[in-house]
Structure formats: C-alpha cells, structure tokens
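Chemist: Can you read through this structure? Questions will come right after.
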Amino acid sequence: MIEFIGAAVQSDDDRRTLLHPLTLSLAERRVSVIGANGSGKSTLLRLVNGLRLPSQGRVEVLGQDTRKAGGAVRRSVGFVFTDPLSQLVMPTGREDVELSLRTRKLPAAERRLRAGEVLRRFGLEHLADRSIYDLSGGERQILALAVVLAVEPRILLADEPTTLLDLRNDTVVRALLAGLRQQVVFTTHNLDFAREAERTLVIDGGRVVFDGTPDDAVACYRALSTQPDGGPAGDGHLLP
Ligand SMILES: Nc1ncnc2c1ncn2[C@@H]1O[C@H](COP(=O)(O)OP(=O)(O)OP(=O)(O)O)[C@@H](O)[C@H]1O
C-alpha cells in the first residue's frame, strides 16, 4: 500500500511546483501513470521510494514514512529507471546481481549461487559474464529488472521501462512485469501498456487530474492532449 498524504514537491529553487498536493492511496497490484513530457510522472514515482522527499505532506509505503524510514522504504521498494545504464554499475550482469544481493548480507558463496538462479530465471545466464556495454538495449533493460528483483522488493516502481525496447523486447518486459506477484507502479507513454494496469493516474502540469480505469484515463489523456483546455472524460474519480 502506497499513501500520498497531502504530498507536494517544489523545485530545488522553490520557484516551481513540480507536484501539487496529492492525497490518495494505491493498493492495486498494477497501477499505471500517464501524462505529457514533464508533467510530473517521474517525480511522483521518486516520491514513493524516497528518492525525492515531499516539500509538504508525507508519503507512506507499507506503513512507513519515506522521510523517517528512508532506508527501510528503499529495501522494500525497487526502482527501475528508463535508461538501464544509469543503474547497471558493474562491468558484467553477474556482478551487478551479486552487488544487489549484498544488501541482503548473504555470504559470498550464497550470493554467487543466488545470482546464478536469478540470471537463469530471467533467461540471462548466457549473457551474465559479458560486458554490459556489449548487451543490446533490451537485454540491458531485462538485466536491470533482474538486478532490482533479485532482492525481492515488495513493490516495484518502473519509469518508462519499455521506452527503449523494440517490439519483441517490449513484449518480453511487459509479460515479465505482468507475471510479478509484487505491486507494480509504472509510467509509460505507451497507452496499450498503460491499459494493462488495474488503475491509471493521469498527470497534467504536476496535478493528478484523473484517477480511474485505464480506458477512461486514456480517453482523458487524449482529450487533454488534443484540446488545449480539454477536460477529463469518463467515469473516473476527478481530483481537485
Ligand atoms: N530537481 C528539479 N528541479 C527543478 N525542476 C525539476 C527537478 N526535477 C524535475 N524537474 C522538472 O519537473 C517537471 C516534471 O519532471 P518529471 O521528470 O517528473 O516529468 P515526467 O512526467 O516524468 O516527464 P517525461 O515524460 O519527459 O519523462 C519537469 O519540468 C522537470 O524539468
């Protein structure tokens, strides 16, 4: 369960509101977040794992305040970035998975064993000892997911996880995310992918302007995108 309680974000110089005060709870297993470039989608995701702290209000994840219990929140919440190279820090995939498992304080031999299991589960074993720079964008994206999921976070945040992928890898990553038992909150510009969620938020100018079913949310987003003053459509829950 993720709870925003009057949570708002100001820019670092305090001159812009990046996210207006937001109060809502997310308990669904799949939640998508859509909206124009720069509308605040990543900002909202970053609030959930404490990468960003709210300027006012608070965010609670699994009952823990991201400000007061940042470490515990980050242990429960995995984050996959759009660009996998921004989070793959070791020369090879195997080392990256092993590094991720270090946070679980396992002995080295067990880490190596577990890393092998994870790489096998994600179909990456044959690539595990190659330089990450020799992998394709899709292979890197799946590896980044494996690295994050190796420690079995209870919630996964994925920021445009399919943006860099071709059709085949897009299908692979979407199927992988669909099969996870974790709660997954993802941002995307792919409206078909957004529809695979149970609930969709539409963000516009730093405000969650619509919260409802994916189909209604997509209709709302289309209306916003085509008419300068287009309003939300459908039966979803409008937020002030
Ligand atoms: N630290 C910061 N200081 C000032 N402005 C910021 C900061 N971080 C983000 N922004 C701005 O906040 C706005 C929202 O950014 P955010 O990355 O959340 O958008 P987004 O909806 O994820 O966009 P995209 O679809 O392009 O990835 C943007 O205008 C961005 O430039």
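Here's how to read the names in the structure tokens: chain A, B, ... by the order shown, residue numbers from 1 in each chain, ligand numbers from 1 in the order shown.
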Could you give me, as a ChimeraX atom specification, the residues within 8 Å of region 194-208 of chain A, counting only C-alpha atoms and dropping anything in the same chain fewer than 3 positions from it?

Modeler: /A:17-22,28-36,38-41,187-191,211-215,217-218,220-221,239

Chemist: Go ahead and save the picked residues with C-alpha atoms, as a compact mmCIF listing (two decimals), in the first residue's frame.

Modeler:
# COMPACT_ATOMS: atom_id res chain seq x y z
CA THR A 17 5.57 23.37 -8.05
CA LEU A 18 6.51 20.04 -9.63
CA LEU A 19 3.70 18.16 -7.91
CA HIS A 20 0.67 19.82 -6.33
CA PRO A 21 -0.62 18.46 -3.00
CA LEU A 22 -1.79 14.92 -3.58
CA GLU A 28 -3.91 -2.22 -6.70
CA ARG A 29 -1.39 -4.71 -7.98
CA ARG A 30 -0.85 -2.79 -11.23
CA VAL A 31 -1.02 0.99 -11.42
CA SER A 32 -0.01 2.98 -14.49
CA VAL A 33 0.78 6.68 -14.62
CA ILE A 34 0.42 8.58 -17.88
CA GLY A 35 0.81 12.21 -18.93
CA ALA A 36 2.77 14.55 -21.16
CA GLY A 38 7.47 17.00 -17.95
CA SER A 39 4.04 16.58 -16.33
CA GLY A 40 5.46 15.03 -13.15
CA LYS A 41 5.25 11.25 -13.62
CA THR A 187 4.91 5.26 -16.01
CA THR A 188 4.61 4.94 -19.75
CA HIS A 189 3.87 6.78 -22.97
CA ASN A 190 2.59 3.53 -24.49
CA LEU A 191 -1.16 3.69 -23.99
CA ASP A 211 -7.74 8.61 -11.32
CA GLY A 212 -9.78 5.72 -12.61
CA THR A 213 -9.98 2.85 -15.04
CA PRO A 214 -7.25 2.67 -17.71
CA ASP A 215 -9.73 3.11 -20.56
CA ALA A 217 -7.80 7.54 -18.16
CA VAL A 218 -6.56 7.10 -21.72
CA CYS A 220 -8.91 11.75 -20.55
CA TYR A 221 -5.28 11.94 -21.59
CA LEU A 239 -9.07 15.09 -8.31

Chemist: If we count only C-alpha atoms and set the cut-off at 12 Å, which residues sit around Val73 (chain A), ignoring sequence neighbours fewer than 2 positions away in its own chain? Please answer as a ChimeraX atom specification.

Modeler: /A:1-2,46-51,59-71,75-79,153-156

Chemist: Can you pull out the residues contacting Arg104 (chain A)? Cut-off 10 Å, using only C-alpha atoms, and skip same-chain residues under 5 positions away; I want them as an MDAnalysis selection string.

Modeler: chainID A and resid 75 99 111 150:151

Chemist: Going by DSSP on the backbone, which residues of region 9-228 of chain A come out as strand (DSSP E)? List them as an MDAnalysis selection string.

Modeler: chainID A and resid 9:10 17:26 30:35 56:61 64:65 77:80 155:159 183:187 199:204 207:212

Chemist: Please produce an output containing N, CA and C atoms for each residue in the selection, written as a short mmCIF file (atom, residue, chain, number, x, y, z; two decimals), in the first residue's frame.

Modeler:
data_model
loop_
_atom_site.label_atom_id
_atom_site.label_comp_id
_atom_site.auth_asym_id
_atom_site.auth_seq_id
_atom_site.Cartn_x
_atom_site.Cartn_y
_atom_site.Cartn_z
N VAL A 9 5.57 18.59 -4.17
CA VAL A 9 7.02 18.74 -4.43
C VAL A 9 7.27 20.10 -5.08
N GLN A 10 8.19 20.85 -4.52
CA GLN A 10 8.65 22.10 -5.10
C GLN A 10 9.98 21.86 -5.80
N THR A 17 6.19 24.53 -8.68
CA THR A 17 5.57 23.37 -8.05
C THR A 17 5.62 22.23 -9.05
N LEU A 18 6.37 21.18 -8.70
CA LEU A 18 6.51 20.04 -9.63
C LEU A 18 5.36 19.07 -9.42
N LEU A 19 4.87 19.01 -8.19
CA LEU A 19 3.70 18.16 -7.91
C LEU A 19 2.84 18.89 -6.87
N HIS A 20 1.60 19.13 -7.24
CA HIS A 20 0.67 19.82 -6.33
C HIS A 20 0.19 18.83 -5.26
N PRO A 21 -0.26 19.36 -4.11
CA PRO A 21 -0.62 18.46 -3.00
C PRO A 21 -1.53 17.32 -3.46
N LEU A 22 -1.12 16.12 -3.09
CA LEU A 22 -1.79 14.92 -3.58
C LEU A 22 -2.13 14.02 -2.40
N THR A 23 -3.40 13.61 -2.36
CA THR A 23 -3.81 12.66 -1.33
C THR A 23 -4.51 11.50 -2.01
N LEU A 24 -3.87 10.35 -2.00
CA LEU A 24 -4.53 9.14 -2.50
C LEU A 24 -3.75 7.91 -2.05
N SER A 25 -4.44 6.76 -2.08
CA SER A 25 -3.81 5.50 -1.69
C SER A 25 -3.80 4.57 -2.89
N LEU A 26 -2.70 3.87 -3.06
CA LEU A 26 -2.60 2.91 -4.16
C LEU A 26 -2.43 1.51 -3.57
N ARG A 30 -1.44 -3.45 -10.06
CA ARG A 30 -0.85 -2.79 -11.23
C ARG A 30 -1.44 -1.39 -11.37
N VAL A 31 -0.58 -0.40 -11.28
CA VAL A 31 -1.02 0.99 -11.42
C VAL A 31 -0.16 1.65 -12.49
N SER A 32 -0.80 2.26 -13.49
CA SER A 32 -0.01 2.98 -14.49
C SER A 32 -0.21 4.48 -14.32
N VAL A 33 0.80 5.21 -14.74
CA VAL A 33 0.78 6.68 -14.62
C VAL A 33 1.11 7.23 -16.01
N ILE A 34 0.19 8.03 -16.55
CA ILE A 34 0.42 8.58 -17.88
C ILE A 34 0.32 10.11 -17.83
N GLY A 35 0.85 10.75 -18.86
CA GLY A 35 0.81 12.21 -18.93
C GLY A 35 1.91 12.70 -19.86
N GLN A 56 5.99 19.27 1.19
CA GLN A 56 4.97 19.32 2.24
C GLN A 56 4.19 18.01 2.21
N GLY A 57 3.49 17.73 3.31
CA GLY A 57 2.76 16.47 3.40
C GLY A 57 3.73 15.31 3.58
N ARG A 58 3.21 14.09 3.39
CA ARG A 58 4.09 12.93 3.54
C ARG A 58 3.66 11.78 2.63
N VAL A 59 4.57 10.83 2.51
CA VAL A 59 4.29 9.63 1.71
C VAL A 59 4.58 8.43 2.60
N GLU A 60 3.65 7.51 2.66
CA GLU A 60 3.86 6.30 3.44
C GLU A 60 3.80 5.08 2.53
N VAL A 61 4.78 4.20 2.71
CA VAL A 61 4.84 2.98 1.92
C VAL A 61 4.86 1.81 2.87
N GLN A 64 5.27 2.92 6.28
CA GLN A 64 6.47 3.63 6.74
C GLN A 64 6.66 4.94 5.99
N ASP A 65 6.97 5.96 6.76
CA ASP A 65 7.14 7.30 6.22
C ASP A 65 8.47 7.37 5.45
N VAL A 77 11.20 -1.27 -1.70
CA VAL A 77 10.74 -0.74 -2.98
C VAL A 77 11.88 -0.75 -4.00
N GLY A 78 11.70 -1.50 -5.09
CA GLY A 78 12.69 -1.50 -6.16
C GLY A 78 12.34 -0.45 -7.19
N PHE A 79 13.36 0.12 -7.82
CA PHE A 79 13.12 1.17 -8.81
C PHE A 79 13.88 0.84 -10.09
N VAL A 80 13.17 0.76 -11.19
CA VAL A 80 13.83 0.53 -12.49
C VAL A 80 13.72 1.81 -13.30
N ILE A 155 7.47 -3.92 -3.57
CA ILE A 155 6.85 -3.03 -4.56
C ILE A 155 7.89 -2.73 -5.63
N LEU A 156 7.46 -2.69 -6.89
CA LEU A 156 8.38 -2.32 -7.97
C LEU A 156 7.87 -1.04 -8.63
N LEU A 157 8.77 -0.07 -8.76
CA LEU A 157 8.46 1.16 -9.49
C LEU A 157 9.23 1.09 -10.80
N ALA A 158 8.58 1.32 -11.91
CA ALA A 158 9.26 1.23 -13.20
C ALA A 158 8.95 2.49 -14.00
N ASP A 159 10.01 3.25 -14.30
CA ASP A 159 9.84 4.52 -15.00
C ASP A 159 10.06 4.29 -16.50
N GLN A 183 3.44 -5.60 -6.14
CA GLN A 183 2.71 -4.43 -6.64
C GLN A 183 3.66 -3.68 -7.59
N VAL A 184 3.15 -3.30 -8.76
CA VAL A 184 3.98 -2.59 -9.73
C VAL A 184 3.31 -1.27 -10.10
N VAL A 185 4.06 -0.19 -9.95
CA VAL A 185 3.57 1.12 -10.39
C VAL A 185 4.51 1.56 -11.51
N PHE A 186 3.95 1.83 -12.67
CA PHE A 186 4.81 2.19 -13.81
C PHE A 186 4.30 3.41 -14.55
N THR A 187 5.27 4.16 -15.12
CA THR A 187 4.91 5.26 -16.01
C THR A 187 5.15 4.78 -17.43
N ARG A 199 -5.54 0.27 -12.55
CA ARG A 199 -5.90 1.65 -12.23
C ARG A 199 -4.86 2.56 -12.89
N THR A 200 -5.31 3.69 -13.39
CA THR A 200 -4.40 4.60 -14.09
C THR A 200 -4.58 6.03 -13.57
N LEU A 201 -3.45 6.68 -13.32
CA LEU A 201 -3.47 8.09 -12.95
C LEU A 201 -3.03 8.90 -14.16
N VAL A 202 -3.69 10.02 -14.39
CA VAL A 202 -3.26 10.94 -15.44
C VAL A 202 -2.70 12.18 -14.76
N ILE A 203 -1.48 12.55 -15.15
CA ILE A 203 -0.87 13.74 -14.56
C ILE A 203 -0.78 14.81 -15.62
N ASP A 204 -1.11 16.02 -15.21
CA ASP A 204 -1.02 17.15 -16.13
C ASP A 204 -0.54 18.36 -15.33
N ARG A 207 -0.30 17.93 -11.58
CA ARG A 207 -1.51 17.54 -10.84
C ARG A 207 -2.01 16.20 -11.34
N VAL A 208 -2.46 15.37 -10.42
CA VAL A 208 -3.16 14.16 -10.84
C VAL A 208 -4.58 14.62 -11.18
N VAL A 209 -4.87 14.69 -12.47
CA VAL A 209 -6.15 15.25 -12.89
C VAL A 209 -7.20 14.16 -13.09
N PHE A 210 -6.77 12.90 -13.11
CA PHE A 210 -7.73 11.82 -13.30
C PHE A 210 -7.19 10.56 -12.64
N ASP A 211 -8.11 9.82 -12.04
CA ASP A 211 -7.74 8.61 -11.32
C ASP A 211 -8.89 7.63 -11.53
N GLY A 212 -8.67 6.63 -12.34
CA GLY A 212 -9.78 5.72 -12.61
C GLY A 212 -9.36 4.53 -13.45
#

Chemist: From chain A, collect each residue whose DSSP state is helix (DSSP H, G or I) and return the set as a ChimeraX atom specification.

Modeler: /A:41-48,70-76,84-86,93-102,108-121,125-127,132-134,137-149,167-178,191-194,214-226

Chemist: Work out how far apart CA of Asp13 (chain A) and CA of Gln87 (chain A) are and give it in Å to one decimal.

Modeler: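 For CA of Asp13 (chain A) relative to CA of Gln87 (chain A), the distance reads 26.7 Å.
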
Chemist: Report, in Å with one decimal, the straight-line distance from CA of Thr43 (chain A) to atom 14 (C, counted along the ligand's line) of ligand 1.

Modeler: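 Distance reported for this atom pair: 6.1 Å.
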
Chemist: Between A:Gly116, A:Pro54, A:Gly137, A:Pro107, which has the minimum distance to ligand 1 (counting only C-alpha atoms and all ligand atoms)?

Modeler: A:Pro54

Chemist: Counting only C-alpha atoms, which residue out of A:Gln182, A:Asn169, A:Ser11, A:Ser100 sits closest to Ser136 (chain A)?

Modeler: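 Among the listed residues, A:Asn169 lies closest to Ser136 (chain A).
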
Chemist: Expressed in Å to a single decimal, how great is the separation between CA of Ala144 (chain A) and CA of Ala109 (chain A)?

Modeler: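 Result for CA of Ala144 (chain A) versus CA of Ala109 (chain A): 22.1 Å, one decimal.
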
Chemist: Would you pick out the contacts of Gly93 (chain A) at 10 Å or less, using only C-alpha atoms, so that residues sharing its chain but fewer than 5 positions from it are not included, and give the list as a list in words?

Modeler: Leu88, Glu98, Leu99, Ala115, Leu119, Leu124, Glu125, Leu127, Ala128, Asp129, Arg130, Ser131, Ile132, Leu135, Arg140, Leu143, Ala144, Ala146 and Val147 of chain A

Chemist: Can I get the selected residues back with C-alpha atoms, as a short mmCIF file (atom, residue, chain, number, x, y, z; two decimals), in the first residue's frame?

Modeler:
data_model
loop_
_atom_site.label_atom_id
_atom_site.label_comp_id
_atom_site.auth_asym_id
_atom_site.auth_seq_id
_atom_site.Cartn_x
_atom_site.Cartn_y
_atom_site.Cartn_z
CA LEU A 88 23.97 -1.05 -14.03
CA GLU A 98 25.69 -10.08 -6.85
CA LEU A 99 26.13 -6.44 -5.80
CA ALA A 115 22.84 -14.59 -8.63
CA LEU A 119 20.05 -14.84 -14.09
CA LEU A 124 20.11 -14.06 -18.92
CA GLU A 125 22.60 -16.72 -17.94
CA LEU A 127 24.90 -13.02 -21.11
CA ALA A 128 25.91 -12.91 -17.47
CA ASP A 129 29.66 -12.57 -17.97
CA ARG A 130 29.59 -10.25 -20.95
CA SER A 131 30.35 -6.56 -20.59
CA ILE A 132 27.09 -4.70 -20.04
CA LEU A 135 24.39 -6.08 -24.46
CA ARG A 140 20.14 -4.39 -20.50
CA LEU A 143 19.09 -7.25 -16.70
CA ALA A 144 18.21 -4.04 -14.81
CA ALA A 146 16.69 -8.81 -12.73
CA VAL A 147 19.10 -6.75 -10.60
#
